[in-house]
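A.B. asks: Once you've had a glance at the structure underneath, I'll fire off some questions.
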Amino acid sequence: MENHLGTAGAPMLELLRGKNLCNVIVIVTRYFGGILLGTGGLVRAYAGATKLALEEVNFIEKQEGKKVEIVLEYGQLENFKYYCRKEQIKIVKEEYSDNVIIFIELSNKKLEKMKKEIDNLTLKILRINKMEEKYI
């Protein structure tokens, strides 16, 4: 792969670093320039295009989290769903047998908060099983 960090990549990369971004790709297509624009003109063109793109983008922040299995009695279902809505915890799936099994996805921070709050809430959770690590 060719390295274009001189007049193209360096100014673009600095803008991304300035916003603390990762897992990002910026593609700028140049139809005119080179010697006629000069080094300064190219730097301004690439940096300007990147800056405009960053102003228009919607950022998504991902956090380390988990998919978790929650086992509840039927009488606790609506209270738990209410708690999930209030705390913005995603319910992925529900299964019904002798108890209700709910699969949720949440950040590690929200999981720790939930564990602390369960005793103070009127929720009776029979079992919490961590299933897999995820980015939420």
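Just so we're on the same page: first chain in the structure tokens is A, next is B, and so on; residues restart at 1 for each chain, and ligands are numbered from 1 in the order they show up.
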Quick one: residues within 8 Å of region 22-30 of chain A, only C-alpha atoms counted, chain neighbours fewer than 4 positions away excluded, as a ChimeraX atom specification?

C.D. replies: /A:12,16,46,49-50

A.B. asks: Based on DSSP run over this structure's backbone, return all residues of region 20-114 of chain A in strand (DSSP E or B), as a PyMOL selection string.

C.D. replies: chain A and resi 64-72+90-96+100-107

A.B. asks: At what distance in Å, to one decimal, does CA of Ile128 (chain A) lie from CA of Ile60 (chain A)?

C.D. replies: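 Interatomic distance here is 28.0 Å.
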
A.B. asks: Name the residues in contact with Tyr135 (chain A) at a cut-off of 12 Å, using only C-alpha atoms, excluding same-chain residues fewer than 3 positions from it; report them as an NGL selection string.

C.D. replies: :A and (60-67 or 105-108 or 132)

A.B. asks: With distances taken over only C-alpha atoms, which of A:Phe59, A:Ala8, A:Ala47, A:Glu73 is nearest to Leu21 (chain A)?

C.D. replies: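 Going through A:Phe59, A:Ala8, A:Ala47, A:Glu73 one by one, the smallest distance to Leu21 (chain A) is for A:Phe59.
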
A.B. asks: One decimal, in Å: what's the spacing between CA of Leu15 (chain A) and CA of Ile136 (chain A)?

C.D. replies: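 So the two atoms, CA of Leu15 (chain A) and CA of Ile136 (chain A), lie 25.5 Å apart.
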
A.B. asks: Per residue of region 4-108 of chain A within 10 Å of region 113-127 of chain A, what are the shortest atom pair and its distance in Å to one decimal, counting only C-alpha atoms, with rows by chain and residue number, as a tab-separated table?

C.D. replies:
```
residue	atom	partner	partner_atom	distance
A:Glu69	CA	A:Arg127	CA	8.0
A:Ile70	CA	A:Arg127	CA	5.9
A:Val71	CA	A:Arg127	CA	5.1
A:Leu72	CA	A:Ile125	CA	5.1
A:Glu73	CA	A:Leu126	CA	7.4
A:Gly75	CA	A:Lys124	CA	9.1
A:Gln76	CA	A:Leu123	CA	6.2
A:Leu77	CA	A:Leu123	CA	9.0
A:Glu78	CA	A:Leu123	CA	9.9
A:Asn79	CA	A:Leu123	CA	6.8
A:Phe80	CA	A:Leu123	CA	6.9
A:Tyr83	CA	A:Leu123	CA	9.2
A:Cys84	CA	A:Met114	CA	9.6
A:Glu87	CA	A:Met114	CA	9.0
A:Asn99	CA	A:Leu126	CA	9.1
A:Val100	CA	A:Leu126	CA	9.8
A:Ile101	CA	A:Arg127	CA	9.3
A:Leu106	CA	A:Met114	CA	9.9
A:Ser107	CA	A:Lys113	CA	9.9
A:Asn108	CA	A:Lys113	CA	8.6
```

A.B. asks: Deliver the residues from the most recent selection as a file, using C-alpha atoms, as an mmCIF file, in the first residue's frame.

C.D. replies:
```
data_model
loop_
_atom_site.group_PDB
_atom_site.id
_atom_site.type_symbol
_atom_site.label_atom_id
_atom_site.label_comp_id
_atom_site.auth_asym_id
_atom_site.auth_seq_id
_atom_site.Cartn_x
_atom_site.Cartn_y
_atom_site.Cartn_z
ATOM 1 C CA GLU A 69 -29.739 -13.834 30.396
ATOM 2 C CA ILE A 70 -32.172 -12.805 33.147
ATOM 3 C CA VAL A 71 -34.527 -15.361 34.711
ATOM 4 C CA LEU A 72 -37.659 -13.935 36.363
ATOM 5 C CA GLU A 73 -40.954 -15.072 37.734
ATOM 6 C CA GLY A 75 -45.114 -11.553 38.148
ATOM 7 C CA GLN A 76 -41.843 -9.615 37.771
ATOM 8 C CA LEU A 77 -41.937 -9.303 33.971
ATOM 9 C CA GLU A 78 -43.642 -5.910 33.576
ATOM 10 C CA ASN A 79 -41.572 -4.354 36.370
ATOM 11 C CA PHE A 80 -38.380 -5.575 34.721
ATOM 12 C CA TYR A 83 -36.791 -0.868 34.432
ATOM 13 C CA CYS A 84 -35.181 -1.695 31.057
ATOM 14 C CA GLU A 87 -32.489 2.637 31.931
ATOM 15 C CA ASN A 99 -40.215 -18.776 34.391
ATOM 16 C CA VAL A 100 -39.534 -15.906 32.006
ATOM 17 C CA ILE A 101 -36.093 -15.740 30.429
ATOM 18 C CA LEU A 106 -26.146 -3.537 28.116
ATOM 19 C CA SER A 107 -22.884 -1.802 28.843
ATOM 20 C CA ASN A 108 -20.695 -3.065 31.666
#
```

A.B. asks: Quick one, how far is CA of Leu42 (chain A) from CA of Ala10 (chain A)?

C.D. replies: 11.2 Å

A.B. asks: Nearest residue to Gly40 (chain A) out of A:Asn58, A:Pro11, A:Ile89, A:Asp98, using only C-alpha atoms?

C.D. replies: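 Smallest distance to Gly40 (chain A) is found for A:Pro11.
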
A.B. asks: Taking the DSSP secondary structure from the backbone, can you list the residues of region 32-66 of chain A that are alpha helix (DSSP H), as a PyMOL selection string?

C.D. replies: chain A and resi 38-56

A.B. asks: For Met131 (chain A), which of A:Leu111, A:Val68, A:Ile102, A:Val43 is the closest residue, counting only C-alpha atoms?

C.D. replies: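 Smallest separation from Met131 (chain A) among the options: A:Val68.
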